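Novice: Sharing a structure, written as structure tokens. Questions coming.
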Amino acid sequence: MGIVVVSGTGTEIGKTVVTAAVAAVATAAGRSVAVLKPAQTGVGPDETGDADEVVRLSGAVASVELGRFPEPLAPGTAAKRAGLAPVGPRQVAEAAHALAASHDLVLVEGAGGLLVRFDEAGGTLADAAALMGAPVLCVVPAGLGTLNTTALTAEALAARGIEQLGVVVGSWPAEPDLAARCNLADLPESAGAPLLGAVPEGSGSLGPAEFRAAAADWLAPALGGAWDAEAFRAEFAAEFRAEAAAGSGDDDLRG
């Protein structure tokens with residue numbers, strides 16, 4: 001995997017933390033890693049951007065940001081409102097290939113979802129992935145509604161002939177509800193791709209050393225980690241069965 005695009009089904013679902021986890025695992029394995037953020041929105045000139053945060057958490061060796069726009073909007077809209085030149089798919093592909101010439105792994109973190117417009121021509125992260133010939137790792141939420149958006153993203157990738165590596169839950173809750181637990185089994189079917197990890201909620205607030213030490217436990221071997229999807233699903237299935245049995249016992253007592 002020379003270049004991997006990290007996209008998702010929406011915004012604020014954990015793409016940056018997942019990108020950092022993948023970078024941390026690869027860096028720990030001795031690989032040189034660069035992070036590319038095509039368009040950073042909602043951040044001022046002197047503020048820390050997503051690529052900076054990935055480097056801080058993971059220890060990745062380099063980060064590149066192609067465009068920064070202050071308003072928290074779609075990149076194309078944010079660039080237009082700021083009176084700045086947008087970042088197009090070809091620019092993204094050229095920057096990624098340049099980084100790949102000197103790094104073992106380049107992680108390209110998108111903004112929002114796969115088909116958010118980058119420029120007035122309608123260019124998207126999907127177009128950039130196609131130009132790069134790069135696979136996409138999709139970050140998804142854990143709970144209710146994620147199956148539909150995951151399936152839609154998978155269909156968009158398939159329609160463009162872009163490989164989907166798999167899906168990672170970007171923020172696995174400390175106390176998952178019924179929908180989240182059921183989604184562990186249903187997400188691979190909706191995605192048509194394997195479940196490759198679950199990052200615990202709040203992981204981005206860990207210190208760098210603690211984050212790097214734990215990252216491999218959140219990601220499957222396909223991403224360099226040790227996370228076991230079947231064991232993870234079985235753990236929560238067992239909890240569900242125990243809760244169901246306890247609930248049945250309460251009903252019997254009430255009867």
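Naming scheme: A, B, ... for chains in displayed order of the structure tokens; residues 1 onward per chain; ligands 1 onward as shown.
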Name all residues at most 6 Å from region 149-156 of chain A (count only C-alpha atoms; drop same-chain ones fewer than 4 positions away) and give them as a list in words.
Specialist: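 Once the nearby chain positions are removed, what remains is Thr9, Ser190 and Ala191 of chain A.
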Novice: Running DSSP on the backbone, which parts of region 8-166 of chain A land in strand (DSSP E), as an MDAnalysis selection string?
Specialist: chainID A and resid 8 33:37 40:41 62:65 68:69 105:109 136:140 164:166
Novice: For CA of His97 (chain A) and CA of Leu219 (chain A), quote the distance in Å rounded to one decimal.
Specialist: 25.3 Å
Novice: Quick one: distance from CA of Ala128 (chain A) to CA of Gly113 (chain A) in Å, one decimal?
Specialist: 13.2 Å
Novice: Rank nothing, just name the residue among A:Thr11, A:Pro45, A:Val18, A:Asp186 nearest to Asn148 (chain A), using only C-alpha atoms.
Specialist: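 Of all the options, A:Asp186 lies closest to Asn148 (chain A).
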Novice: Set the distance at 7 Å and use only C-alpha atoms: which residues neighbour region 165-181 of chain A once local chain neighbours fewer than 3 positions away are removed? I'd like the list as a list in words.
Specialist: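 So the residues in contact are Ile13, Gly14, Lys15, Val18, Pro135, Val136, Leu137, Cys138, Val139, Val140, Pro141, Ala142, Gly143, Leu144, Leu184, Ala193, Pro194, Leu195, Leu196, Gly197, Ala198, Val199, Pro200, Glu201 and Phe236 of chain A.
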Novice: May I have the selected residues written with N, CA and C atoms, as a tab-separated table (two decimals), in the first residue's frame?
Specialist:
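Wrote it out as result21.tsv, contents follow:
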```tsv
chain	number	residue	atom	x	y	z
A	13	ILE	N	-16.44	12.05	12.28
A	13	ILE	CA	-16.67	10.64	12.61
A	13	ILE	C	-15.38	9.90	12.95
A	14	GLY	N	-14.26	10.62	13.03
A	14	GLY	CA	-13.02	10.00	13.47
A	14	GLY	C	-11.98	9.74	12.41
A	15	LYS	N	-12.10	10.39	11.23
A	15	LYS	CA	-11.12	10.14	10.18
A	15	LYS	C	-9.69	10.48	10.60
A	18	VAL	N	-8.36	7.84	13.06
A	18	VAL	CA	-8.08	6.59	12.35
A	18	VAL	C	-6.82	6.74	11.50
A	135	PRO	N	-6.40	2.69	-3.13
A	135	PRO	CA	-7.56	2.15	-2.42
A	135	PRO	C	-8.05	3.13	-1.36
A	136	VAL	N	-9.30	2.93	-0.95
A	136	VAL	CA	-9.93	3.81	0.04
A	136	VAL	C	-10.27	3.02	1.29
A	137	LEU	N	-9.88	3.56	2.43
A	137	LEU	CA	-10.28	3.04	3.73
A	137	LEU	C	-11.41	3.93	4.22
A	138	CYS	N	-12.55	3.34	4.52
A	138	CYS	CA	-13.73	4.12	4.87
A	138	CYS	C	-13.95	4.12	6.38
A	139	VAL	N	-14.02	5.30	6.96
A	139	VAL	CA	-14.28	5.46	8.39
A	139	VAL	C	-15.78	5.70	8.58
A	140	VAL	N	-16.36	4.98	9.51
A	140	VAL	CA	-17.81	5.02	9.68
A	140	VAL	C	-18.17	5.20	11.16
A	141	PRO	N	-19.37	5.75	11.43
A	141	PRO	CA	-19.85	5.79	12.81
A	141	PRO	C	-20.31	4.42	13.26
A	142	ALA	N	-20.51	4.27	14.57
A	142	ALA	CA	-20.89	2.98	15.11
A	142	ALA	C	-22.39	2.73	15.09
A	143	GLY	N	-23.19	3.78	15.26
A	143	GLY	CA	-24.59	3.59	15.61
A	143	GLY	C	-25.59	3.64	14.49
A	144	LEU	N	-26.82	3.92	14.88
A	144	LEU	CA	-27.96	3.90	13.99
A	144	LEU	C	-27.76	4.83	12.80
A	184	LEU	N	-21.80	-4.31	14.14
A	184	LEU	CA	-20.52	-5.01	13.98
A	184	LEU	C	-20.64	-6.16	12.99
A	193	ALA	N	-17.13	-5.12	2.16
A	193	ALA	CA	-15.70	-5.09	2.49
A	193	ALA	C	-15.55	-5.41	3.97
A	194	PRO	N	-14.37	-5.86	4.39
A	194	PRO	CA	-14.21	-6.30	5.78
A	194	PRO	C	-14.20	-5.16	6.79
A	195	LEU	N	-14.59	-5.49	8.01
A	195	LEU	CA	-14.44	-4.59	9.14
A	195	LEU	C	-12.99	-4.70	9.62
A	196	LEU	N	-12.27	-3.58	9.58
A	196	LEU	CA	-10.82	-3.62	9.83
A	196	LEU	C	-10.41	-2.91	11.11
A	197	GLY	N	-11.36	-2.56	11.95
A	197	GLY	CA	-10.96	-1.95	13.21
A	197	GLY	C	-12.07	-1.19	13.87
A	198	ALA	N	-11.84	-0.85	15.14
A	198	ALA	CA	-12.75	-0.03	15.92
A	198	ALA	C	-11.90	0.77	16.90
A	199	VAL	N	-11.88	2.07	16.73
A	199	VAL	CA	-11.07	2.93	17.58
A	199	VAL	C	-11.95	3.43	18.74
A	200	PRO	N	-11.54	3.22	19.97
A	200	PRO	CA	-12.36	3.64	21.11
A	200	PRO	C	-12.60	5.15	21.12
A	201	GLU	N	-13.80	5.56	21.50
A	201	GLU	CA	-14.09	6.98	21.59
A	201	GLU	C	-13.12	7.65	22.57
A	236	PHE	N	-19.20	-8.65	22.24
A	236	PHE	CA	-20.42	-7.88	22.43
A	236	PHE	C	-21.66	-8.72	22.21
```
Novice: Using only C-alpha atoms, which of A:Leu131, A:Leu36, A:Ala158, A:Ala95 sits nearest Val55 (chain A)?
Specialist: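 Counting only C-alpha atoms, the residue closest to Val55 (chain A) is A:Leu36.
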Novice: Do you know which residues are at most 10 Å from Ala96 (chain A) counting only C-alpha atoms, after dropping those on the same chain fewer than 4 positions away, and could you put them as a PyMOL selection string?
Specialist: chain A and resi 2-5+34-38+64+90-92+100-101+105-108+128-129+132+134
Novice: Keeping only all heavy atoms, write those residues as a compact mmCIF listing (two decimals), in the first residue's frame.
Specialist:
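Okay, this is what ended up in out-v3.txt:
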```txt
# COMPACT_ATOMS: atom_id res chain seq x y z
N GLY A 2 1.20 1.78 -1.18
CA GLY A 2 2.00 2.99 -1.25
C GLY A 2 1.20 4.22 -0.88
O GLY A 2 1.67 5.10 -0.16
N ILE A 3 -0.03 4.32 -1.41
CA ILE A 3 -0.93 5.43 -1.11
C ILE A 3 -2.26 4.85 -0.66
O ILE A 3 -2.81 3.96 -1.33
CB ILE A 3 -1.14 6.33 -2.34
CG1 ILE A 3 0.19 6.87 -2.86
CG2 ILE A 3 -2.10 7.47 -2.00
CD1 ILE A 3 0.07 7.64 -4.17
N VAL A 4 -2.79 5.35 0.43
CA VAL A 4 -4.11 4.95 0.91
C VAL A 4 -4.91 6.22 1.19
O VAL A 4 -4.43 7.14 1.85
CB VAL A 4 -4.03 4.10 2.20
CG1 VAL A 4 -5.42 3.85 2.77
CG2 VAL A 4 -3.33 2.78 1.91
N VAL A 5 -6.12 6.26 0.66
CA VAL A 5 -7.02 7.37 0.91
C VAL A 5 -7.91 7.02 2.10
O VAL A 5 -8.51 5.93 2.13
CB VAL A 5 -7.89 7.66 -0.33
CG1 VAL A 5 -8.93 8.74 -0.02
CG2 VAL A 5 -7.02 8.08 -1.51
N ALA A 34 4.02 9.52 5.36
CA ALA A 34 3.68 10.92 5.13
C ALA A 34 2.17 11.06 5.12
O ALA A 34 1.45 10.16 4.69
CB ALA A 34 4.25 11.39 3.79
N VAL A 35 1.69 12.19 5.61
CA VAL A 35 0.25 12.46 5.67
C VAL A 35 -0.06 13.64 4.77
O VAL A 35 0.59 14.69 4.87
CB VAL A 35 -0.18 12.78 7.12
CG1 VAL A 35 -1.68 13.03 7.18
CG2 VAL A 35 0.22 11.66 8.06
N LEU A 36 -1.04 13.47 3.91
CA LEU A 36 -1.45 14.52 2.99
C LEU A 36 -2.89 14.92 3.28
O LEU A 36 -3.79 14.08 3.24
CB LEU A 36 -1.32 14.04 1.54
CG LEU A 36 -1.86 14.97 0.45
CD1 LEU A 36 -1.09 16.29 0.44
CD2 LEU A 36 -1.78 14.29 -0.92
N LYS A 37 -3.11 16.17 3.58
CA LYS A 37 -4.45 16.73 3.78
C LYS A 37 -4.72 17.66 2.60
O LYS A 37 -4.22 18.79 2.57
CB LYS A 37 -4.53 17.49 5.11
CG LYS A 37 -5.92 18.04 5.43
CD LYS A 37 -6.89 16.93 5.85
CE LYS A 37 -8.24 17.51 6.25
NZ LYS A 37 -9.16 16.47 6.74
N PRO A 38 -5.52 17.23 1.65
CA PRO A 38 -5.74 18.08 0.47
C PRO A 38 -6.36 19.42 0.80
O PRO A 38 -5.91 20.46 0.30
CB PRO A 38 -6.67 17.23 -0.40
CG PRO A 38 -6.39 15.82 0.01
CD PRO A 38 -6.12 15.91 1.49
N VAL A 64 1.73 17.29 4.76
CA VAL A 64 1.57 18.30 3.73
C VAL A 64 0.10 18.68 3.67
O VAL A 64 -0.79 17.82 3.65
CB VAL A 64 2.03 17.80 2.34
CG1 VAL A 64 1.71 18.82 1.26
CG2 VAL A 64 3.51 17.47 2.35
N ARG A 90 -6.48 16.56 -9.49
CA ARG A 90 -5.18 16.33 -10.11
C ARG A 90 -4.05 16.85 -9.23
O ARG A 90 -2.98 16.22 -9.12
CB ARG A 90 -5.12 16.97 -11.50
CG ARG A 90 -3.87 16.57 -12.29
CD ARG A 90 -4.06 16.84 -13.76
NE ARG A 90 -5.12 16.05 -14.33
CZ ARG A 90 -5.03 14.77 -14.67
NH1 ARG A 90 -3.89 14.12 -14.47
NH2 ARG A 90 -6.06 14.14 -15.21
N GLN A 91 -4.28 17.97 -8.57
CA GLN A 91 -3.27 18.51 -7.65
C GLN A 91 -3.04 17.55 -6.49
O GLN A 91 -1.90 17.35 -6.05
CB GLN A 91 -3.74 19.88 -7.12
CG GLN A 91 -2.73 20.61 -6.27
CD GLN A 91 -3.26 21.95 -5.78
OE1 GLN A 91 -4.32 22.40 -6.21
NE2 GLN A 91 -2.53 22.57 -4.88
N VAL A 92 -4.12 16.95 -6.00
CA VAL A 92 -4.01 15.97 -4.91
C VAL A 92 -3.19 14.76 -5.36
O VAL A 92 -2.28 14.30 -4.66
CB VAL A 92 -5.40 15.52 -4.43
CG1 VAL A 92 -5.28 14.45 -3.34
CG2 VAL A 92 -6.21 16.70 -3.93
N ALA A 100 4.99 9.77 -2.31
CA ALA A 100 5.22 8.32 -2.39
C ALA A 100 6.60 7.98 -2.93
O ALA A 100 7.11 6.88 -2.69
CB ALA A 100 4.14 7.68 -3.28
N ALA A 101 7.21 8.92 -3.63
CA ALA A 101 8.55 8.68 -4.16
C ALA A 101 9.60 8.61 -3.06
O ALA A 101 10.68 8.04 -3.25
CB ALA A 101 8.91 9.78 -5.16
N LEU A 105 4.66 4.87 2.85
CA LEU A 105 3.20 4.96 2.92
C LEU A 105 2.77 6.41 2.94
O LEU A 105 3.31 7.21 3.71
CB LEU A 105 2.69 4.25 4.19
CG LEU A 105 1.19 4.34 4.47
CD1 LEU A 105 0.38 3.63 3.38
CD2 LEU A 105 0.86 3.75 5.84
N VAL A 106 1.82 6.74 2.09
CA VAL A 106 1.22 8.08 2.07
C VAL A 106 -0.26 7.92 2.40
O VAL A 106 -0.99 7.18 1.73
CB VAL A 106 1.37 8.76 0.70
CG1 VAL A 106 0.70 10.14 0.71
CG2 VAL A 106 2.84 8.89 0.33
N LEU A 107 -0.71 8.60 3.45
CA LEU A 107 -2.10 8.58 3.86
C LEU A 107 -2.74 9.90 3.46
O LEU A 107 -2.31 10.97 3.91
CB LEU A 107 -2.20 8.38 5.38
CG LEU A 107 -1.65 7.05 5.90
CD1 LEU A 107 -1.61 7.05 7.42
CD2 LEU A 107 -2.49 5.88 5.39
N VAL A 108 -3.75 9.83 2.63
CA VAL A 108 -4.45 11.01 2.14
C VAL A 108 -5.78 11.11 2.88
O VAL A 108 -6.69 10.30 2.65
CB VAL A 108 -4.69 10.93 0.62
CG1 VAL A 108 -5.37 12.21 0.12
CG2 VAL A 108 -3.39 10.68 -0.13
N ALA A 128 -9.83 12.03 -7.08
CA ALA A 128 -8.40 11.99 -6.75
C ALA A 128 -7.94 10.55 -6.56
O ALA A 128 -6.86 10.16 -7.03
CB ALA A 128 -8.12 12.82 -5.50
N ALA A 129 -8.73 9.74 -5.85
CA ALA A 129 -8.38 8.34 -5.63
C ALA A 129 -8.25 7.59 -6.95
O ALA A 129 -7.36 6.77 -7.15
CB ALA A 129 -9.41 7.67 -4.73
N MET A 132 -5.05 8.51 -8.67
CA MET A 132 -3.90 7.91 -7.98
C MET A 132 -3.86 6.40 -8.12
O MET A 132 -2.84 5.77 -7.88
CB MET A 132 -3.92 8.27 -6.49
CG MET A 132 -3.68 9.73 -6.21
SD MET A 132 -3.64 10.09 -4.43
CE MET A 132 -5.39 10.11 -4.03
N ALA A 134 -5.46 4.57 -6.05
CA ALA A 134 -5.27 4.23 -4.64
C ALA A 134 -6.53 3.65 -4.04
O ALA A 134 -7.65 4.07 -4.37
CB ALA A 134 -4.86 5.48 -3.86
```
Novice: Closest to Gln40 (chain A) among A:Gly110, A:Gly59, A:Gly8, A:Gly145, using only C-alpha atoms?
Specialist: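 Of all the options, A:Gly110 lies closest to Gln40 (chain A).
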Novice: A:Glu94, A:Glu65, A:Asp104, A:Glu230: which is nearest Thr41 (chain A), counting only C-alpha atoms?
Specialist: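 Under the stated criterion, the closest residue is A:Glu65.
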Novice: Can you work out the spacing between CA of Val33 (chain A) and CA of Ala60 (chain A) in Å, to one decimal?
Specialist: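 Those two atoms sit 5.3 Å apart.
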